[in-house]
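Participant: File name final_13.cif; file contents mmCIF, C-alpha atoms and all ligand atoms; full text below.
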```cif
data_coords
loop_
_atom_site.group_PDB
_atom_site.id
_atom_site.type_symbol
_atom_site.label_atom_id
_atom_site.label_comp_id
_atom_site.auth_asym_id
_atom_site.auth_seq_id
_atom_site.Cartn_x
_atom_site.Cartn_y
_atom_site.Cartn_z
ATOM 1 C CA MET P 465 0.000 0.000 0.000
ATOM 2 C CA ARG P 466 1.267 3.435 -0.896
ATOM 3 C CA THR P 467 1.436 5.555 2.240
ATOM 4 C CA SER P 468 0.714 9.239 1.917
ATOM 5 C CA ALA P 469 3.517 11.710 2.505
ATOM 6 C CA PRO P 470 3.162 14.424 5.137
ATOM 7 C CA GLU P 471 1.575 17.524 3.711
ATOM 8 C CA LEU P 472 3.600 19.421 1.151
ATOM 9 C CA PRO P 473 4.046 23.187 1.418
ATOM 10 C CA ALA P 474 2.051 25.381 -0.963
ATOM 11 C CA PRO P 475 3.667 25.496 -4.424
ATOM 12 C CA GLU P 476 4.923 29.077 -4.011
ATOM 13 C CA THR P 477 6.409 28.221 -0.598
ATOM 14 C CA LEU P 478 8.094 25.145 -2.009
ATOM 15 C CA ALA P 479 9.525 27.179 -4.892
ATOM 16 C CA ARG P 480 10.958 29.645 -2.355
ATOM 17 C CA LEU P 481 12.472 26.816 -0.304
ATOM 18 C CA HIS P 482 14.148 25.466 -3.438
ATOM 19 C CA GLU P 483 15.437 28.820 -4.557
ATOM 20 C CA ARG P 484 16.702 30.020 -1.173
ATOM 21 C CA ILE P 485 18.332 26.834 0.029
ATOM 22 C CA ILE P 486 20.105 26.260 -3.296
ATOM 23 C CA ALA P 487 21.263 29.909 -3.368
ATOM 24 C CA TRP P 488 22.449 29.622 0.243
ATOM 25 C CA PHE P 489 24.507 26.575 -0.682
ATOM 26 C CA ALA P 490 26.153 28.430 -3.566
ATOM 27 C CA GLU P 491 27.363 31.072 -1.102
ATOM 28 C CA ASN P 492 28.085 28.986 1.968
ATOM 29 C CA ALA P 493 28.999 25.436 1.027
ATOM 30 C CA ARG P 494 32.204 24.028 2.445
ATOM 31 C CA ASP P 495 34.974 23.569 -0.054
ATOM 32 C CA LEU P 496 35.402 19.813 0.176
ATOM 33 C CA PRO P 497 37.647 17.805 -2.148
ATOM 34 C CA TRP P 498 34.950 15.265 -2.974
ATOM 35 C CA ARG P 499 32.855 18.142 -4.302
ATOM 36 C CA ALA P 500 35.609 19.506 -6.598
ATOM 37 C CA PRO P 501 34.624 19.810 -10.261
ATOM 38 C CA ASP P 502 37.217 17.188 -11.218
ATOM 39 C CA ARG P 503 36.194 14.711 -8.511
ATOM 40 C CA THR P 504 35.959 11.093 -9.528
ATOM 41 C CA ALA P 505 33.108 8.736 -8.733
ATOM 42 C CA TRP P 506 35.528 6.703 -6.624
ATOM 43 C CA GLN P 507 36.426 9.772 -4.570
ATOM 44 C CA VAL P 508 32.751 10.401 -3.953
ATOM 45 C CA MET P 509 32.108 6.787 -3.051
ATOM 46 C CA VAL P 510 34.948 6.683 -0.521
ATOM 47 C CA SER P 511 33.752 9.937 1.035
ATOM 48 C CA GLU P 512 30.215 8.593 1.368
ATOM 49 C CA PHE P 513 31.394 5.460 3.152
ATOM 50 C CA MET P 514 33.516 7.538 5.511
ATOM 51 C CA LEU P 515 30.949 10.242 6.196
ATOM 52 C CA GLN P 516 28.320 7.822 7.436
ATOM 53 C CA GLN P 517 28.370 8.368 11.201
ATOM 54 C CA THR P 518 31.601 10.415 11.111
ATOM 55 C CA PRO P 519 31.932 14.218 10.844
ATOM 56 C CA VAL P 520 33.718 15.886 7.937
ATOM 57 C CA VAL P 521 36.566 17.207 10.074
ATOM 58 C CA ARG P 522 37.612 13.687 11.063
ATOM 59 C CA VAL P 523 37.024 12.232 7.619
ATOM 60 C CA LEU P 524 39.127 14.753 5.665
ATOM 61 C CA PRO P 525 42.682 13.619 6.605
ATOM 62 C CA VAL P 526 41.812 9.940 6.306
ATOM 63 C CA TRP P 527 40.096 10.474 2.957
ATOM 64 C CA GLN P 528 43.146 12.366 1.679
ATOM 65 C CA ARG P 529 45.458 9.583 2.780
ATOM 66 C CA TRP P 530 43.248 6.956 1.145
ATOM 67 C CA MET P 531 43.206 8.892 -2.099
ATOM 68 C CA GLN P 532 47.005 9.099 -2.076
ATOM 69 C CA LEU P 533 47.314 5.379 -1.435
ATOM 70 C CA TRP P 534 44.401 4.154 -3.495
ATOM 71 C CA PRO P 535 43.338 6.663 -6.153
ATOM 72 C CA THR P 536 41.266 4.034 -7.955
ATOM 73 C CA PRO P 537 39.187 1.014 -6.914
ATOM 74 C CA ALA P 538 41.837 -1.248 -8.483
ATOM 75 C CA ASP P 539 44.526 0.202 -6.209
ATOM 76 C CA LEU P 540 42.503 -0.591 -3.103
ATOM 77 C CA ALA P 541 41.486 -4.022 -4.385
ATOM 78 C CA ALA P 542 45.178 -4.848 -4.908
ATOM 79 C CA SER P 543 45.944 -4.086 -1.240
ATOM 80 C CA SER P 544 45.093 -6.335 1.682
ATOM 81 C CA THR P 545 42.042 -5.856 3.846
ATOM 82 C CA GLY P 546 44.491 -5.425 6.743
ATOM 83 C CA GLU P 547 45.997 -2.350 5.078
ATOM 84 C CA ALA P 548 42.511 -0.929 4.527
ATOM 85 C CA VAL P 549 41.685 -1.456 8.203
ATOM 86 C CA ARG P 550 45.023 0.047 9.285
ATOM 87 C CA GLU P 551 44.505 3.160 7.177
ATOM 88 C CA TRP P 552 40.960 3.541 8.450
ATOM 89 C CA GLY P 553 42.705 4.799 11.567
ATOM 90 C CA ARG P 554 40.398 6.149 14.237
ATOM 91 C CA LEU P 555 37.371 6.885 12.070
ATOM 92 C CA GLY P 556 35.336 4.315 13.979
ATOM 93 C CA TYR P 557 33.026 1.602 12.698
ATOM 94 C CA PRO P 558 35.981 -0.020 10.884
ATOM 95 C CA ARG P 559 33.772 -2.617 9.202
ATOM 96 C CA ARG P 560 33.242 0.174 6.697
ATOM 97 C CA ALA P 561 36.872 -0.316 5.599
ATOM 98 C CA LEU P 562 36.195 -3.977 4.897
ATOM 99 C CA ARG P 563 33.010 -3.119 3.023
ATOM 100 C CA LEU P 564 34.797 -0.523 0.933
ATOM 101 C CA HIS P 565 37.504 -3.045 0.103
ATOM 102 C CA ALA P 566 34.852 -5.577 -0.920
ATOM 103 C CA ALA P 567 33.114 -2.954 -3.067
ATOM 104 C CA ALA P 568 36.417 -2.037 -4.752
ATOM 105 C CA THR P 569 37.081 -5.700 -5.496
ATOM 106 C CA ALA P 570 33.631 -6.125 -7.022
ATOM 107 C CA ILE P 571 34.058 -2.936 -9.087
ATOM 108 C CA VAL P 572 37.251 -4.395 -10.548
ATOM 109 C CA GLU P 573 35.728 -7.821 -11.163
ATOM 110 C CA ARG P 574 32.363 -6.716 -12.518
ATOM 111 C CA HIS P 575 32.894 -3.260 -13.962
ATOM 112 C CA GLY P 576 36.460 -3.112 -15.266
ATOM 113 C CA GLY P 577 37.577 -0.951 -12.336
ATOM 114 C CA HIS P 578 35.024 1.825 -12.977
ATOM 115 C CA VAL P 579 32.394 2.767 -10.426
ATOM 116 C CA PRO P 580 29.151 1.918 -12.233
ATOM 117 C CA ARG P 581 26.813 4.749 -13.212
ATOM 118 C CA ASP P 582 23.786 2.549 -13.064
ATOM 119 C CA HIS P 583 21.913 2.862 -9.775
ATOM 120 C CA ALA P 584 20.907 -0.827 -9.672
ATOM 121 C CA GLN P 585 24.507 -1.888 -10.285
ATOM 122 C CA LEU P 586 25.686 0.425 -7.521
ATOM 123 C CA LEU P 587 23.126 -1.045 -5.167
ATOM 124 C CA ASP P 588 24.323 -4.507 -6.054
ATOM 125 C CA LEU P 589 27.871 -3.823 -4.855
ATOM 126 C CA PRO P 590 28.787 -5.366 -1.501
ATOM 127 C CA GLY P 591 28.507 -2.908 1.356
ATOM 128 C CA VAL P 592 26.532 -0.384 -0.696
ATOM 129 C CA GLY P 593 23.108 0.288 0.763
ATOM 130 C CA ALA P 594 20.252 2.458 -0.409
ATOM 131 C CA TYR P 595 21.757 5.667 0.938
ATOM 132 C CA THR P 596 25.230 5.184 -0.544
ATOM 133 C CA ALA P 597 23.899 4.104 -3.946
ATOM 134 C CA ALA P 598 21.662 7.179 -4.106
ATOM 135 C CA ALA P 599 24.404 9.510 -2.882
ATOM 136 C CA VAL P 600 26.932 8.265 -5.442
ATOM 137 C CA SER P 601 24.325 8.494 -8.220
ATOM 138 C CA VAL P 602 23.561 12.082 -7.295
ATOM 139 C CA PHE P 603 26.914 13.495 -6.193
ATOM 140 C CA ALA P 604 29.176 11.634 -8.623
ATOM 141 C CA PHE P 605 26.946 11.260 -11.673
ATOM 142 C CA GLY P 606 24.409 14.075 -11.274
ATOM 143 C CA GLN P 607 21.471 11.684 -11.522
ATOM 144 C CA ARG P 608 18.043 12.184 -10.063
ATOM 145 C CA GLN P 609 17.732 10.029 -6.952
ATOM 146 C CA THR P 610 16.260 10.635 -3.527
ATOM 147 C CA VAL P 611 19.048 10.993 -0.992
ATOM 148 C CA ILE P 612 17.960 10.866 2.622
ATOM 149 C CA ASP P 613 20.453 11.184 5.436
ATOM 150 C CA THR P 614 19.919 12.376 8.986
ATOM 151 C CA ASN P 615 20.626 16.005 8.073
ATOM 152 C CA ILE P 616 18.109 15.992 5.243
ATOM 153 C CA ARG P 617 15.493 14.287 7.388
ATOM 154 C CA ARG P 618 15.945 16.899 10.104
ATOM 155 C CA VAL P 619 15.531 19.845 7.710
ATOM 156 C CA HIS P 620 12.433 18.251 6.169
ATOM 157 C CA ALA P 621 10.989 17.574 9.630
ATOM 158 C CA ARG P 622 11.466 21.163 10.750
ATOM 159 C CA ALA P 623 11.064 23.328 7.685
ATOM 160 C CA VAL P 624 8.199 21.342 6.140
ATOM 161 C CA SER P 625 6.520 19.182 8.792
ATOM 162 C CA GLY P 626 6.875 21.557 11.751
ATOM 163 C CA LYS P 627 8.498 18.978 14.035
ATOM 164 C CA ALA P 628 11.597 19.440 16.152
ATOM 165 C CA LEU P 629 13.060 16.121 15.053
ATOM 166 C CA PRO P 630 12.315 13.507 12.414
ATOM 167 C CA GLY P 631 10.975 10.121 13.564
ATOM 168 C CA LYS P 632 13.477 7.729 15.047
ATOM 169 C CA SER P 633 13.693 5.720 11.855
ATOM 170 C CA LEU P 634 12.992 6.471 8.239
ATOM 171 C CA THR P 635 9.388 5.729 7.239
ATOM 172 C CA ALA P 636 7.884 5.198 3.792
ATOM 173 C CA ALA P 637 5.954 8.440 4.265
ATOM 174 C CA GLN P 638 9.165 10.400 4.871
ATOM 175 C CA THR P 639 10.722 8.880 1.781
ATOM 176 C CA ARG P 640 7.685 9.934 -0.247
ATOM 177 C CA LEU P 641 7.925 13.415 1.229
ATOM 178 C CA ALA P 642 11.583 13.633 0.207
ATOM 179 C CA GLU P 643 10.691 12.530 -3.317
ATOM 180 C CA GLU P 644 7.879 15.030 -3.602
ATOM 181 C CA LEU P 645 9.949 17.899 -2.248
ATOM 182 C CA MET P 646 12.547 17.550 -4.997
ATOM 183 C CA PRO P 647 12.430 20.127 -7.779
ATOM 184 C CA ALA P 648 11.059 18.829 -11.091
ATOM 185 C CA ASP P 649 14.194 19.811 -12.984
ATOM 186 C CA ASP P 650 16.890 17.139 -12.696
ATOM 187 C CA ASP P 651 19.838 19.503 -12.225
ATOM 188 C CA ALA P 652 17.926 21.459 -9.612
ATOM 189 C CA ALA P 653 17.048 18.166 -7.861
ATOM 190 C CA VAL P 654 20.748 17.317 -7.618
ATOM 191 C CA ALA P 655 21.516 20.795 -6.250
ATOM 192 C CA TRP P 656 18.606 20.534 -3.816
ATOM 193 C CA ASN P 657 19.858 17.279 -2.299
ATOM 194 C CA VAL P 658 23.353 18.549 -1.588
ATOM 195 C CA SER P 659 22.079 21.955 -0.446
ATOM 196 C CA VAL P 660 19.572 20.589 2.073
ATOM 197 C CA MET P 661 22.191 18.188 3.399
ATOM 198 C CA GLU P 662 24.642 21.047 3.925
ATOM 199 C CA LEU P 663 21.997 23.246 5.549
ATOM 200 C CA GLY P 664 21.312 20.434 8.008
ATOM 201 C CA ALA P 665 25.008 20.012 8.728
ATOM 202 C CA LEU P 666 25.842 23.694 9.214
ATOM 203 C CA VAL P 667 22.684 25.607 10.190
ATOM 204 C CA CYS P 668 19.732 23.377 11.014
ATOM 205 C CA THR P 669 21.804 21.318 13.407
ATOM 206 C CA ALA P 670 20.384 18.723 15.776
ATOM 207 C CA ARG P 671 20.911 20.494 19.092
ATOM 208 C CA SER P 672 20.993 24.213 18.367
ATOM 209 C CA PRO P 673 19.647 25.256 14.990
ATOM 210 C CA LEU P 674 20.971 28.657 13.908
ATOM 211 C CA CYS P 675 17.607 29.899 12.724
ATOM 212 C CA ASP P 676 18.752 33.529 12.549
ATOM 213 C CA LEU P 677 21.219 32.519 9.834
ATOM 214 C CA CYS P 678 18.783 30.301 7.977
ATOM 215 C CA PRO P 679 17.692 31.272 4.470
ATOM 216 C CA VAL P 680 14.206 29.812 5.001
ATOM 217 C CA LEU P 681 13.415 31.165 8.451
ATOM 218 C CA GLU P 682 10.270 32.924 7.262
ATOM 219 C CA ASP P 683 8.897 29.749 5.680
ATOM 220 C CA CYS P 684 9.950 27.299 8.384
ATOM 221 C CA ALA P 685 6.976 25.306 9.661
ATOM 222 C CA TRP P 686 8.642 24.495 12.975
ATOM 223 C CA VAL P 687 9.385 28.150 13.734
ATOM 224 C CA ALA P 688 5.863 29.115 12.631
ATOM 225 C CA ALA P 689 4.451 26.509 15.033
ATOM 226 C CA GLY P 690 6.332 28.132 17.939
ATOM 227 C CA ARG P 691 9.236 25.670 17.986
ATOM 228 C CA PRO P 692 7.407 22.762 19.693
ATOM 229 C CA GLU P 693 9.461 20.327 21.749
ATOM 230 C CA PRO P 694 10.419 16.984 20.209
ATOM 231 C CA ASP P 695 8.071 14.018 20.735
ATOM 232 C CA TYR P 696 10.921 11.979 22.180
ATOM 233 C CA VAL P 697 14.305 12.433 23.806
ATOM 234 C CA PRO P 698 17.042 11.367 21.412
ATOM 235 C CA ALA P 699 19.201 8.619 22.897
ATOM 236 C CA GLY P 700 22.678 9.941 23.622
ATOM 237 C CA GLN P 701 25.481 7.823 22.261
ATOM 238 C CA SER P 702 27.197 6.448 25.328
ATOM 239 C CA TRP P 703 30.838 5.610 24.832
ATOM 240 C CA GLN P 704 32.666 5.267 28.132
ATOM 241 C CA GLY P 705 32.904 1.659 29.185
ATOM 242 C CA THR P 706 31.132 0.334 26.096
ATOM 243 C CA ASP P 707 32.226 -2.557 23.914
ATOM 244 C CA ARG P 708 32.628 -0.051 21.079
ATOM 245 C CA GLN P 709 35.226 1.796 23.112
ATOM 246 C CA ALA P 710 37.060 -1.429 24.009
ATOM 247 C CA ARG P 711 36.967 -2.679 20.414
ATOM 248 C CA GLY P 712 38.387 0.653 19.265
ATOM 249 C CA ALA P 713 41.207 0.433 21.803
ATOM 250 C CA ILE P 714 42.098 -3.129 20.735
ATOM 251 C CA MET P 715 42.022 -2.110 17.068
ATOM 252 C CA ALA P 716 44.378 0.788 17.829
ATOM 253 C CA VAL P 717 46.910 -1.644 19.353
ATOM 254 C CA LEU P 718 46.698 -3.885 16.273
ATOM 255 C CA ARG P 719 47.007 -0.946 13.875
ATOM 256 C CA GLU P 720 50.018 0.535 15.602
ATOM 257 C CA ALA P 721 51.922 -2.719 16.174
ATOM 258 C CA GLU P 722 54.580 -3.719 13.666
ATOM 259 C CA GLY P 723 53.057 -7.174 13.355
ATOM 260 C CA PRO P 724 50.806 -9.604 15.202
ATOM 261 C CA VAL P 725 50.830 -9.322 18.991
ATOM 262 C CA PRO P 726 50.278 -12.033 21.623
ATOM 263 C CA ARG P 727 46.559 -12.549 22.230
ATOM 264 C CA GLU P 728 47.185 -12.495 25.964
ATOM 265 C CA SER P 729 48.667 -8.993 25.733
ATOM 266 C CA LEU P 730 45.275 -7.760 24.497
ATOM 267 C CA LEU P 731 43.420 -9.497 27.288
ATOM 268 C CA ARG P 732 45.924 -8.478 29.998
ATOM 269 C CA PRO P 733 47.205 -5.113 28.719
ATOM 270 C CA ASP P 734 48.860 -4.461 32.101
ATOM 271 C CA LEU P 735 51.379 -7.145 31.144
ATOM 272 C CA ALA P 736 51.776 -6.068 27.503
ATOM 273 C CA GLU P 737 55.121 -4.995 26.053
ATOM 274 C CA PRO P 738 54.373 -1.635 24.438
ATOM 275 C CA GLY P 739 57.274 -1.809 21.955
ATOM 276 C CA ASN P 740 59.426 1.090 20.799
ATOM 277 C CA ARG P 741 57.091 2.859 18.397
ATOM 278 C CA PRO P 742 55.430 5.876 20.057
ATOM 279 C CA GLY P 743 52.062 5.099 18.474
ATOM 280 C CA ALA P 744 52.195 1.508 19.698
ATOM 281 C CA ALA P 745 53.109 2.536 23.246
ATOM 282 C CA LYS P 746 50.286 5.080 23.304
ATOM 283 C CA ALA P 747 47.754 2.523 22.036
ATOM 284 C CA VAL P 748 48.781 0.010 24.706
ATOM 285 C CA ARG P 749 48.560 2.714 27.359
ATOM 286 C CA ARG P 750 45.042 3.625 26.230
ATOM 287 C CA LEU P 751 43.941 0.009 26.361
ATOM 288 C CA ARG P 752 45.381 -0.320 29.861
ATOM 289 C CA GLU P 753 43.703 2.867 31.030
ATOM 290 C CA LEU P 754 40.305 1.528 30.060
ATOM 291 C CA GLY P 755 40.593 -0.954 32.879
ATOM 292 C CA ALA P 756 38.172 -3.179 30.971
ATOM 293 C CA PRO P 757 37.525 -6.563 32.592
ATOM 294 C CA ARG P 758 39.050 -9.562 30.850
ATOM 295 C CA GLU P 759 35.617 -10.915 30.044
ATOM 296 C CA GLN P 760 34.775 -7.755 28.092
ATOM 297 C CA LEU P 761 38.104 -7.779 26.263
ATOM 298 C CA GLU P 762 37.580 -11.428 25.329
ATOM 299 C CA ARG P 763 34.128 -10.656 24.010
ATOM 300 C CA CYS P 764 35.392 -7.682 22.000
ATOM 301 C CA LEU P 765 38.384 -9.516 20.587
ATOM 302 C CA GLY P 766 36.121 -12.435 19.640
ATOM 303 C CA GLY P 767 33.845 -9.986 17.837
ATOM 304 C CA LEU P 768 36.723 -8.391 15.936
ATOM 305 C CA LEU P 769 37.958 -11.829 14.835
ATOM 306 C CA ALA P 770 34.455 -12.885 13.791
ATOM 307 C CA ASP P 771 34.000 -9.642 11.828
ATOM 308 C CA GLY P 772 37.263 -10.176 9.936
ATOM 309 C CA LEU P 773 38.765 -6.987 11.384
ATOM 310 C CA ALA P 774 41.495 -9.042 13.060
ATOM 311 C CA GLY P 775 43.095 -12.373 12.259
ATOM 312 C CA ALA P 776 44.551 -15.040 14.593
ATOM 313 C CA GLU P 777 47.842 -16.788 13.937
ATOM 314 C CA GLY P 778 48.451 -19.357 16.662
ATOM 315 C CA ASP P 779 48.598 -17.441 19.933
ATOM 316 C CA ASP P 780 49.043 -14.131 18.136
ATOM 317 C CA VAL P 781 46.500 -11.684 16.740
ATOM 318 C CA GLY P 782 47.049 -9.081 14.021
ATOM 319 C CA LEU P 783 45.275 -7.159 11.300
ATOM 320 C CA PRO P 784 43.760 -9.366 8.599
ATOM 321 C CA ARG P 785 46.070 -10.235 5.723
HETATM 322 S S1 LIG O 1 14.552 28.177 10.467
HETATM 323 FE FE1 LIG O 1 15.691 27.023 11.982
HETATM 324 S S2 LIG O 1 14.575 25.130 12.273
HETATM 325 FE FE2 LIG O 1 13.809 26.081 10.400
HETATM 326 S S3 LIG O 1 14.962 25.106 8.782
HETATM 327 FE FE3 LIG O 1 16.038 26.982 9.338
HETATM 328 S S4 LIG O 1 17.527 26.408 10.923
HETATM 329 FE FE4 LIG O 1 16.062 24.726 10.691
#
```
Let me see the file written as structure tokens.
Facilitator:
Amino acid sequence: MRTSAPELPAPETLARLHERIIAWFAENARDLPWRAPDRTAWQVMVSEFMLQQTPVVRVLPVWQRWMQLWPTPADLAASSTGEAVREWGRLGYPRRALRLHAAATAIVERHGGHVPRDHAQLLDLPGVGAYTAAAVSVFAFGQRQTVIDTNIRRVHARAVSGKALPGKSLTAAQTRLAEELMPADDDAAVAWNVSVMELGALVCTARSPLCDLCPVLEDCAWVAAGRPEPDYVPAGQSWQGTDRQARGAIMAVLREAEGPVPRESLLRPDLAEPGNRPGAAKAVRRLRELGAPREQLERCLGGLLADGLAGAEGDDVGLPR
């Protein structure tokens, strides 16, 4: 059954939203290398993998390093998954490095080393979900697709639906709203997607929207409704003491070590030999300082091995080969 989208603004209001947000982007967009006129589809794809759940400021140096090392999918596919994980550094959610490596391998095997233009072929690549396929179609190839990330959802929720926050998860109705909000003209639709995303990142931010700087303040449904409170309290991302934190600390030790390290040194970091490299010593110190119980470290190490982010060799553990 086709669900109905939340109500659309009046046509003249929608035209103003299009015009003002796109014009704002032209004046205020960040100068990012994956938006350069000579960007490649691969550059865009790598940026989209990295930017999911990670802010631009942390992505930039890692993206630049990746582009130096692996300027094409074939370059990455020719390297080991361990190198990809090592160079992922501290971006977090390092399974994305494995997925990107798998996508690069498939691009070489299926598409002669060229990121496919076809949306269905993009979607068929390992590790490429609906968002990434749409984002690469739009930002690399200028195609008309509906891109919906958290920033876009937030701007739609506020400016159009009058809510403080979008629903906790993407609904079919929100997707239909995003489709119907896009300008009819294909080039304008591409510009709209990137412009709304940037407005959400820089102005219509989650915690403190900068409404006084917003180009659509006078048409914003949430402001017009008197800025009602959200229907729910967003869950804060806890970090301290979590398995995510412990997994990150173990991965840092593996990344910084010159080779595999004794498994026991990861489970009893107080006994670990930090080695001579400053990065390795720092990573061991961080793992120690967590004070994580052995049971948690065992669980986290087991998870990293099961995910293919680490590999065991006898009593030693290292990055995958
Ligand atoms: S006026 Fe404020 S809430 Fe509305 S879209 Fe702009 S920044 Fe967001």
Participant: Neighbours of P:Gly626 within 8 Å (only C-alpha atoms; same-chain residues fewer than 2 positions away dropped), as a PyMOL selection string?
Facilitator: chain P and resi 621-624+628+684-689+691
Participant: For ligand LIG 1 (chain O), return the neighbouring residues as a PyMOL selection string (distance at most 8 Å; only C-alpha atoms and all ligand atoms).
Facilitator: chain P and resi 618-620+622-623+628+663-664+667-669+673-687+691
Participant: Identify all residues satisfying the PyMOL selection byres (((chain P and resi 768) around 12) and not hetatm) in the given file; provide them as JSON, numbers by chain.
Facilitator: {"P": [549, 557, 558, 559, 562, 707, 708, 710, 711, 712, 713, 714, 715, 718, 761, 762, 763, 764, 765, 766, 767, 769, 770, 771, 772, 773, 774, 775, 776, 781, 782, 783, 784]}
Participant: Of the residues P:Gln760, P:Gln709, P:Thr596, P:Ser729, which is the one nearest to P:Asp780, using only C-alpha atoms?
Facilitator: P:Ser729
Participant: In Å, with one decimal, what is the gap from atom CA of P:Val658 to atom CA of P:Ser633?
Facilitator: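 Atom CA of P:Ser633 lies at a distance of 20.9 Å from atom CA of P:Val658.
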Participant: Starting from the PyMOL selection byres (((chain P and resi 732-734) around 12) and not hetatm), expand the selection into actual residues of this file and give them as a ChimeraX atom specification.
Facilitator: /P:710,713-714,717,725-731,735-738,745-762
Participant: Care to translate the PyMOL selection byres (((chain P and resi 542) around 12) and not hetatm) into actual residues of this file, as a VMD selection string?
Facilitator: chain P and resid 533 to 541 543 to 548 565 to 566 568 to 570 572 to 573 577 785
Participant: Have a look at P:Tyr696, P:Val579, P:His482, P:Arg499 and name the one nearest to P:Ala653; count only C-alpha atoms.
Facilitator: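 Once distances to P:Ala653 are computed over only C-alpha atoms, the minimum belongs to P:His482.
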Participant: Give me, please, the distance in Å between atom CA of P:Leu634 and atom CA of P:Pro698, quoted to one decimal.
Facilitator: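 If I compute the distance from atom CA of P:Leu634 to atom CA of P:Pro698, I get 14.6 Å.
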Participant: Taking only C-alpha atoms into account, which of P:Asp779, P:Val523, P:Pro692, P:Ala699 comes nearest P:Pro724?
Facilitator: P:Asp779
Participant: From the options P:Arg617, P:Val521, P:Asp651, P:Gln516, which residue's atoms come nearest to P:Ala637, counting all atoms listed in the file?
Facilitator: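 Going through P:Arg617, P:Val521, P:Asp651, P:Gln516 one by one, the smallest distance to P:Ala637 is for P:Arg617.
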Participant: What is the atom CA of P:Glu662 to atom CA of P:Asp582 distance in Å?
Facilitator: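 Calculated distance between atom CA of P:Glu662 and atom CA of P:Asp582 is 25.1 Å.
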Participant: Around the point (35.6, 9.4, -4.6) (coordinates from the file), which residues reach within 10 Å if we count all atoms listed in the file? Answer as a list in words.
Facilitator: Pro497, Trp498, Arg499, Arg503, Thr504, Ala505, Trp506, Gln507, Val508, Met509, Val510, Ser511, Glu512, Phe513, Trp527, Trp530, Met531, Pro535, Thr536, Pro537, Val579, Val600, Phe603 and Ala604 of chain P
Participant: If we count only C-alpha atoms, what is near P:Ala597 at a cut-off of 8 Å, once residues fewer than 5 positions away on the same chain are taken out, given as a ChimeraX atom specification?
Facilitator: /P:583,586-587,592
Participant: Stretch 659-668 of chain P, all listed atoms, 8 Å padding on each side: what axis-aligned box centre and edge lengths in Å to one decimal come out, as AutoDock Vina command-line options?
Facilitator:
```
--center_x 22.7 --center_y 21.9 --center_z 5.3 --size_x 22.3 --size_y 23.4 --size_z 27.5
```
Participant: Give me the residues within 9 Å of P:Gly606 as number ranges by chain, counting only C-alpha atoms and dropping any in the same chain fewer than 4 places off.
Facilitator: P: 600-602, 650-651, 654-655
